[in-house]
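The file coords09.cif contains mmCIF, C-alpha atoms:
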```
data_data
loop_
_atom_site.label_atom_id
_atom_site.label_comp_id
_atom_site.auth_asym_id
_atom_site.auth_seq_id
_atom_site.Cartn_x
_atom_site.Cartn_y
_atom_site.Cartn_z
CA ALA A 154 49.01 15.77 -40.08
CA GLN A 155 51.42 18.67 -40.01
CA SER A 156 55.03 19.24 -40.90
CA VAL A 157 57.60 22.01 -41.07
CA THR A 158 60.53 22.46 -43.42
CA GLN A 159 63.23 24.98 -42.69
CA LEU A 160 65.33 25.58 -45.77
CA GLY A 161 69.01 25.73 -44.94
CA SER A 162 70.53 24.35 -41.76
CA HIS A 163 72.94 27.32 -41.74
CA VAL A 164 72.50 30.90 -42.95
CA SER A 165 75.42 33.32 -42.96
CA VAL A 166 75.03 37.11 -43.21
CA SER A 167 77.16 40.16 -42.62
CA GLU A 168 76.36 42.53 -39.79
CA GLY A 169 73.86 45.10 -41.08
CA ALA A 170 72.56 42.87 -43.86
CA LEU A 171 69.04 41.54 -44.30
CA VAL A 172 68.20 38.35 -42.44
CA LEU A 173 65.85 35.90 -44.16
CA LEU A 174 65.13 32.50 -42.61
CA ARG A 175 62.74 30.31 -44.55
CA CYS A 176 59.94 28.15 -43.19
CA ASN A 177 57.35 26.20 -45.14
CA TYR A 178 54.62 24.20 -43.48
CA SER A 179 51.86 21.76 -44.21
CA SER A 180 48.75 21.44 -42.13
CA SER A 181 45.36 19.84 -42.70
CA VAL A 182 43.62 22.57 -40.65
CA PRO A 183 44.27 26.30 -40.26
CA PRO A 184 47.56 26.55 -38.43
CA TYR A 185 49.11 28.54 -35.68
CA LEU A 186 52.73 29.33 -36.53
CA PHE A 187 55.65 30.25 -34.31
CA TRP A 188 59.29 31.26 -34.49
CA TYR A 189 61.60 30.55 -31.56
CA VAL A 190 65.23 31.48 -30.93
CA GLN A 191 67.74 29.41 -28.97
CA TYR A 192 71.11 30.64 -27.69
CA PRO A 193 73.77 28.03 -26.81
CA ASN A 194 72.91 25.81 -23.85
CA GLN A 195 69.64 27.62 -23.24
CA GLY A 196 65.97 26.93 -23.78
CA LEU A 197 63.88 28.32 -26.63
CA GLN A 198 62.44 31.83 -26.47
CA LEU A 199 59.34 32.84 -28.40
CA LEU A 200 60.11 35.45 -31.08
CA LEU A 201 56.66 35.80 -32.58
CA LYS A 202 53.47 33.90 -33.37
CA TYR A 203 50.69 33.88 -35.95
CA THR A 204 47.24 32.92 -34.68
CA SER A 205 44.98 33.92 -37.62
CA ALA A 206 44.89 37.67 -37.01
CA ALA A 207 47.16 39.98 -39.06
CA THR A 208 49.28 38.13 -41.62
CA LEU A 209 52.33 40.29 -40.92
CA VAL A 210 53.49 39.56 -37.40
CA LYS A 211 56.02 41.66 -35.53
CA GLY A 212 58.10 40.09 -32.80
CA ILE A 213 60.88 40.91 -30.41
CA ASN A 214 64.37 42.13 -31.33
CA GLY A 215 63.19 43.66 -34.64
CA PHE A 216 62.10 40.39 -36.25
CA GLU A 217 58.93 39.95 -38.24
CA ALA A 218 57.29 37.19 -40.27
CA GLU A 219 54.59 37.09 -42.90
CA PHE A 220 52.00 34.34 -43.18
CA LYS A 221 51.38 33.50 -46.85
CA LYS A 222 48.67 30.90 -47.17
CA SER A 223 49.05 30.51 -50.94
CA GLU A 224 52.73 29.69 -50.52
CA THR A 225 52.32 27.81 -47.19
CA SER A 226 55.20 29.89 -45.89
CA PHE A 227 56.07 31.81 -42.74
CA HIS A 228 59.51 33.27 -43.41
CA LEU A 229 61.33 35.23 -40.71
CA THR A 230 63.05 38.51 -41.58
CA LYS A 231 65.01 41.29 -39.98
CA PRO A 232 66.17 44.35 -41.96
CA SER A 233 69.60 44.65 -40.38
CA ALA A 234 71.48 41.83 -38.66
CA HIS A 235 73.29 42.39 -35.39
CA MET A 236 76.04 40.23 -33.94
CA SER A 237 73.73 39.36 -31.04
CA ASP A 238 71.29 37.73 -33.49
CA ALA A 239 73.64 34.77 -33.95
CA ALA A 240 71.65 31.80 -32.63
CA GLU A 241 69.56 28.79 -33.66
CA TYR A 242 66.07 29.57 -34.97
CA PHE A 243 63.15 27.15 -34.98
CA CYS A 244 59.88 27.38 -36.86
CA ALA A 245 56.88 25.49 -35.44
CA VAL A 246 53.35 24.72 -36.66
CA MET A 247 50.40 23.77 -34.51
CA PRO A 248 46.84 22.93 -35.54
CA SER A 249 44.37 25.58 -34.42
CA GLY A 250 42.21 22.98 -32.74
CA GLY A 251 42.76 19.68 -31.04
CA SER A 252 45.81 18.58 -29.11
CA TYR A 253 47.79 21.85 -29.28
CA ILE A 254 51.00 19.91 -29.87
CA PRO A 255 53.35 21.81 -32.19
CA THR A 256 55.68 20.27 -34.72
CA PHE A 257 59.12 21.88 -34.84
CA GLY A 258 61.42 22.28 -37.79
CA ARG A 259 65.02 21.08 -37.55
CA GLY A 260 66.32 24.57 -36.97
CA THR A 261 68.47 27.08 -38.84
CA SER A 262 71.71 28.33 -37.40
CA LEU A 263 72.20 32.05 -38.11
CA ILE A 264 75.83 33.13 -38.37
CA VAL A 265 76.59 36.86 -38.36
CA HIS A 266 79.95 38.08 -39.65
CA PRO A 267 81.39 41.43 -38.57
CA ASP B 262 58.83 36.40 -11.96
CA GLY B 263 56.94 33.49 -13.45
CA GLY B 264 58.78 30.87 -15.39
CA ILE B 265 59.99 27.30 -15.70
CA THR B 266 62.88 25.94 -13.69
CA GLN B 267 64.78 22.88 -14.82
CA SER B 268 67.37 21.20 -12.63
CA PRO B 269 70.09 20.23 -12.67
CA LYS B 270 71.66 22.11 -15.58
CA TYR B 271 74.21 19.31 -16.11
CA LEU B 272 73.74 15.66 -15.18
CA PHE B 273 75.98 12.64 -15.56
CA ARG B 274 74.64 9.11 -15.64
CA LYS B 275 76.46 5.84 -15.32
CA GLU B 276 75.48 2.86 -17.42
CA GLY B 277 72.44 1.09 -15.95
CA GLN B 278 71.35 3.99 -13.76
CA ASN B 279 67.99 5.73 -13.67
CA VAL B 280 68.12 9.50 -13.37
CA THR B 281 65.35 12.05 -12.82
CA LEU B 282 65.21 15.50 -14.36
CA SER B 283 63.19 18.11 -12.54
CA CYS B 284 60.79 20.61 -14.14
CA GLU B 285 58.78 23.11 -12.10
CA GLN B 286 56.59 25.98 -13.36
CA ASN B 287 54.79 28.79 -11.57
CA LEU B 288 52.90 30.06 -14.60
CA ASN B 289 49.68 28.23 -13.75
CA HIS B 290 49.83 26.50 -17.14
CA ASP B 291 47.74 23.38 -17.58
CA ALA B 292 49.95 21.63 -20.13
CA MET B 293 53.57 20.55 -19.74
CA TYR B 294 55.92 18.84 -22.17
CA TRP B 295 59.31 17.14 -22.37
CA TYR B 296 61.47 17.34 -25.48
CA ARG B 297 64.79 15.83 -26.40
CA GLN B 298 67.17 17.83 -28.57
CA ASP B 299 70.03 16.30 -30.54
CA PRO B 300 72.27 18.23 -32.95
CA GLY B 301 70.64 18.66 -36.36
CA GLN B 302 67.43 16.89 -35.35
CA GLY B 303 65.37 19.67 -33.86
CA LEU B 304 63.07 18.90 -30.96
CA ARG B 305 61.44 15.52 -30.47
CA LEU B 306 58.51 15.07 -28.10
CA ILE B 307 59.00 12.53 -25.32
CA TYR B 308 55.88 12.92 -23.14
CA TYR B 309 53.23 15.53 -22.50
CA SER B 310 50.56 16.18 -19.92
CA GLN B 311 47.54 18.40 -20.39
CA ILE B 312 46.03 17.93 -16.92
CA VAL B 313 47.15 16.68 -13.54
CA ASN B 314 47.34 12.91 -13.15
CA ASP B 315 47.23 12.35 -16.90
CA PHE B 316 49.96 12.16 -19.51
CA GLN B 317 50.53 10.81 -23.03
CA LYS B 318 53.45 9.37 -24.91
CA GLY B 319 55.09 11.47 -27.55
CA ASP B 320 57.15 10.33 -30.51
CA ILE B 321 60.10 8.87 -28.57
CA ALA B 322 58.73 7.73 -25.18
CA GLU B 323 60.60 4.40 -25.00
CA GLY B 324 63.07 4.36 -22.12
CA TYR B 325 61.47 7.34 -20.37
CA SER B 326 58.80 7.76 -17.70
CA VAL B 327 56.96 10.75 -16.22
CA SER B 328 54.49 11.67 -13.52
CA ARG B 329 52.15 14.64 -13.04
CA GLU B 330 50.98 14.63 -9.43
CA LYS B 331 50.93 18.42 -9.16
CA LYS B 332 50.09 21.09 -11.71
CA GLU B 333 53.44 22.77 -11.12
CA SER B 334 55.69 19.73 -11.54
CA PHE B 335 56.44 17.31 -14.37
CA PRO B 336 59.59 15.25 -13.63
CA LEU B 337 61.16 13.05 -16.30
CA THR B 338 62.97 9.82 -15.44
CA VAL B 339 65.49 8.48 -17.93
CA THR B 340 65.61 4.76 -17.29
CA SER B 341 68.34 2.22 -17.97
CA ALA B 342 66.22 1.03 -20.90
CA GLN B 343 67.10 4.23 -22.80
CA LYS B 344 70.17 3.12 -24.70
CA ASN B 345 71.31 6.49 -25.97
CA PRO B 346 70.34 9.05 -23.34
CA THR B 347 73.07 11.63 -23.97
CA ALA B 348 71.17 14.72 -25.14
CA PHE B 349 69.82 18.13 -24.17
CA TYR B 350 66.42 17.86 -22.50
CA LEU B 351 63.92 20.70 -22.58
CA CYS B 352 60.77 21.12 -20.54
CA ALA B 353 57.99 23.46 -21.65
CA SER B 354 54.57 24.56 -20.50
CA SER B 355 51.62 26.10 -22.29
CA PRO B 356 48.21 27.59 -21.50
CA GLN B 357 46.83 25.50 -24.34
CA GLY B 358 47.36 26.84 -27.81
CA LYS B 359 49.11 30.08 -27.00
CA GLY B 360 52.72 29.09 -27.48
CA TYR B 361 55.23 27.46 -25.23
CA THR B 362 57.40 28.76 -22.43
CA PHE B 363 60.62 26.75 -22.20
CA GLY B 364 62.96 26.01 -19.34
CA SER B 365 66.71 26.48 -19.75
CA GLY B 366 67.35 22.77 -20.26
CA THR B 367 69.30 19.91 -18.71
CA ARG B 368 72.30 18.42 -20.49
CA LEU B 369 72.56 14.71 -19.72
CA THR B 370 75.76 12.82 -20.42
CA VAL B 371 76.43 9.10 -20.01
CA VAL B 372 79.82 8.38 -18.45
#
```
What do you get writing this file as structure tokens?
Amino acid sequence: AQSVTQLGSHVSVSEGALVLLRCNYSSSVPPYLFWYVQYPNQGLQLLLKYTSAATLVKGINGFEAEFKKSETSFHLTKPSAHMSDAAEYFCAVMPSGGSYIPTFGRGTSLIVHP
Amino acid sequence: DGGITQSPKYLFRKEGQNVTLSCEQNLNHDAMYWYRQDPGQGLRLIYYSQIVNDFQKGDIAEGYSVSREKKESFPLTVTSAQKNPTAFYLCASSPQGKGYTFGSGTRLTVV
């Protein structure tokens, strides 16, 4: 079984400030982990993914995430927020073998203030 | 460019009607999926298909039906048995284990 918890349904930052979106997971087998971004009335776009290679993963738009097995976490960060980063962010976990069906978190809405 | 096309973008359904949402991909992906998205609930899996002519129920399949006659196409029918169909529906495809590619979604509203 697998599950994902995203801490905070809403995160508010000022433009230029650090972005930190939290994701904790549980998985009975080594996981693949993903972060997706969704803009209003659009589908989800893959930001980055961890598939058991380097634990620090760099993605698009300046985002990165670090896989920490001991903490079962995969938090998403960006050093400096931009207004265009305002969107909904979803963390997902998928077992590394088997059905390849991911489980999504409930999402975190990132609000960026000027 | 390769991608997933969902149509229509907006759809209105009357009580008691069946409606079909289209999903087409030209990515040559084996697996395709349908999700329902409601505010604050994330994505919930309706049906998925990992090969042509085969599909499995997800977590909330009641009131929905699908078919997979071609690799490129995975239409979803929302039947009259689905009592609360108003939602945002997302189709996705995957080359098995390498992350999803999503369509742009269909917003279904009951009128």
*Any chance you could work out the residue set of the PyMOL selection byres ((chain A) within 12 of (chain B)) here, as an NGL selection string?*
:A and (157-159 or 161-163 or 184-204 or 241-262)
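Between atom CA of His228 of chain A and atom CA of Leu209 of chain A lies a distance of 10.3 Å.
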*asked:* I want to know what sits within 9 Å of Asp315 of chain B, based on only C-alpha atoms, with residues of the same chain fewer than 2 positions away left out; could you give that as a VMD selection string?
replied: chain B and resid 309 to 313 317 328 to 330
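For the structure shown here, the set of residues caught by the PyMOL selection byres ((chain A and resi 156) around 6) is Gln155, Val157, Tyr178 and Ser179 of chain A.
Minimum distance to Asp238 of chain A across A:Leu174, A:Leu263, A:Ala207, A:Ala218 (counting all atoms listed in the file) occurs at A:Leu263.
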Some atoms are absent from segment 174-185 of chain A, so rebuild all heavy atoms and return them as an mmCIF file, in the coordinates of the input.
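And here is the file that came out, rebuild.cif:
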```
data_model
loop_
_atom_site.group_PDB
_atom_site.id
_atom_site.type_symbol
_atom_site.label_atom_id
_atom_site.label_comp_id
_atom_site.auth_asym_id
_atom_site.auth_seq_id
_atom_site.Cartn_x
_atom_site.Cartn_y
_atom_site.Cartn_z
ATOM 1 N N LEU A 174 65.129 33.917 -42.967
ATOM 2 C CA LEU A 174 65.130 32.500 -42.610
ATOM 3 C C LEU A 174 63.803 31.918 -43.101
ATOM 4 O O LEU A 174 62.731 32.422 -42.767
ATOM 5 C CB LEU A 174 65.260 32.316 -41.094
ATOM 6 C CG LEU A 174 66.488 32.965 -40.451
ATOM 7 C CD1 LEU A 174 66.516 32.667 -38.954
ATOM 8 C CD2 LEU A 174 67.771 32.512 -41.108
ATOM 9 N N ARG A 175 63.912 30.827 -43.859
ATOM 10 C CA ARG A 175 62.740 30.310 -44.550
ATOM 11 C C ARG A 175 62.063 29.178 -43.805
ATOM 12 O O ARG A 175 62.731 28.302 -43.233
ATOM 13 C CB ARG A 175 63.135 29.831 -45.947
ATOM 14 C CG ARG A 175 63.710 30.925 -46.833
ATOM 15 C CD ARG A 175 64.155 30.387 -48.177
ATOM 16 N NE ARG A 175 64.821 31.411 -48.970
ATOM 17 C CZ ARG A 175 64.195 32.278 -49.754
ATOM 18 N NH1 ARG A 175 62.883 32.233 -49.863
ATOM 19 N NH2 ARG A 175 64.878 33.176 -50.433
ATOM 20 N N CYS A 176 60.735 29.194 -43.826
ATOM 21 C CA CYS A 176 59.940 28.150 -43.190
ATOM 22 C C CYS A 176 58.712 27.882 -44.064
ATOM 23 O O CYS A 176 57.953 28.795 -44.379
ATOM 24 C CB CYS A 176 59.490 28.591 -41.803
ATOM 25 S SG CYS A 176 58.327 27.458 -40.999
ATOM 26 N N ASN A 177 58.553 26.636 -44.458
ATOM 27 C CA ASN A 177 57.350 26.200 -45.140
ATOM 28 C C ASN A 177 56.674 25.130 -44.306
ATOM 29 O O ASN A 177 57.334 24.322 -43.654
ATOM 30 C CB ASN A 177 57.683 25.650 -46.534
ATOM 31 C CG ASN A 177 58.070 26.751 -47.492
ATOM 32 O OD1 ASN A 177 59.238 27.115 -47.597
ATOM 33 N ND2 ASN A 177 57.087 27.285 -48.181
ATOM 34 N N TYR A 178 55.361 25.109 -44.336
ATOM 35 C CA TYR A 178 54.620 24.200 -43.480
ATOM 36 C C TYR A 178 53.550 23.469 -44.279
ATOM 37 O O TYR A 178 53.189 23.872 -45.388
ATOM 38 C CB TYR A 178 53.939 24.976 -42.342
ATOM 39 C CG TYR A 178 52.795 25.827 -42.833
ATOM 40 C CD1 TYR A 178 51.492 25.343 -42.867
ATOM 41 C CD2 TYR A 178 53.029 27.114 -43.314
ATOM 42 C CE1 TYR A 178 50.455 26.107 -43.373
ATOM 43 C CE2 TYR A 178 52.001 27.884 -43.815
ATOM 44 C CZ TYR A 178 50.720 27.383 -43.845
ATOM 45 O OH TYR A 178 49.698 28.127 -44.352
ATOM 46 N N SER A 179 53.075 22.402 -43.708
ATOM 47 C CA SER A 179 51.860 21.760 -44.210
ATOM 48 C C SER A 179 50.977 21.462 -43.015
ATOM 49 O O SER A 179 51.469 21.092 -41.934
ATOM 50 C CB SER A 179 52.189 20.471 -44.975
ATOM 51 O OG SER A 179 52.696 19.494 -44.094
ATOM 52 N N SER A 180 49.695 21.669 -43.213
ATOM 53 C CA SER A 180 48.750 21.440 -42.130
ATOM 54 C C SER A 180 47.377 21.160 -42.730
ATOM 55 O O SER A 180 46.958 21.854 -43.658
ATOM 56 C CB SER A 180 48.685 22.656 -41.206
ATOM 57 O OG SER A 180 47.734 22.468 -40.181
ATOM 58 N N SER A 181 46.679 20.211 -42.177
ATOM 59 C CA SER A 181 45.360 19.840 -42.700
ATOM 60 C C SER A 181 44.256 20.764 -42.178
ATOM 61 O O SER A 181 43.137 20.730 -42.671
ATOM 62 C CB SER A 181 45.047 18.392 -42.325
ATOM 63 O OG SER A 181 45.147 18.208 -40.931
ATOM 64 N N VAL A 182 44.573 21.587 -41.195
ATOM 65 C CA VAL A 182 43.620 22.570 -40.650
ATOM 66 C C VAL A 182 44.344 23.904 -40.553
ATOM 67 O O VAL A 182 45.575 23.956 -40.628
ATOM 68 C CB VAL A 182 43.097 22.136 -39.258
ATOM 69 C CG1 VAL A 182 42.353 20.814 -39.356
ATOM 70 C CG2 VAL A 182 44.236 22.044 -38.268
ATOM 71 N N PRO A 183 43.597 25.001 -40.412
ATOM 72 C CA PRO A 183 44.270 26.300 -40.260
ATOM 73 C C PRO A 183 45.291 26.254 -39.135
ATOM 74 O O PRO A 183 44.985 25.792 -38.037
ATOM 75 C CB PRO A 183 43.116 27.246 -39.947
ATOM 76 C CG PRO A 183 41.940 26.624 -40.607
ATOM 77 C CD PRO A 183 42.138 25.144 -40.475
ATOM 78 N N PRO A 184 46.494 26.720 -39.417
ATOM 79 C CA PRO A 184 47.560 26.550 -38.430
ATOM 80 C C PRO A 184 47.801 27.770 -37.563
ATOM 81 O O PRO A 184 47.467 28.892 -37.926
ATOM 82 C CB PRO A 184 48.778 26.312 -39.318
ATOM 83 C CG PRO A 184 48.526 27.233 -40.480
ATOM 84 C CD PRO A 184 47.025 27.213 -40.688
ATOM 85 N N TYR A 185 48.398 27.520 -36.407
ATOM 86 C CA TYR A 185 49.110 28.540 -35.680
ATOM 87 C C TYR A 185 50.595 28.333 -36.021
ATOM 88 O O TYR A 185 51.051 27.203 -36.148
ATOM 89 C CB TYR A 185 48.917 28.409 -34.168
ATOM 90 C CG TYR A 185 47.519 28.670 -33.670
ATOM 91 C CD1 TYR A 185 47.104 28.170 -32.439
ATOM 92 C CD2 TYR A 185 46.612 29.421 -34.413
ATOM 93 C CE1 TYR A 185 45.817 28.408 -31.963
ATOM 94 C CE2 TYR A 185 45.321 29.653 -33.941
ATOM 95 C CZ TYR A 185 44.940 29.150 -32.722
ATOM 96 O OH TYR A 185 43.667 29.380 -32.248
#
```
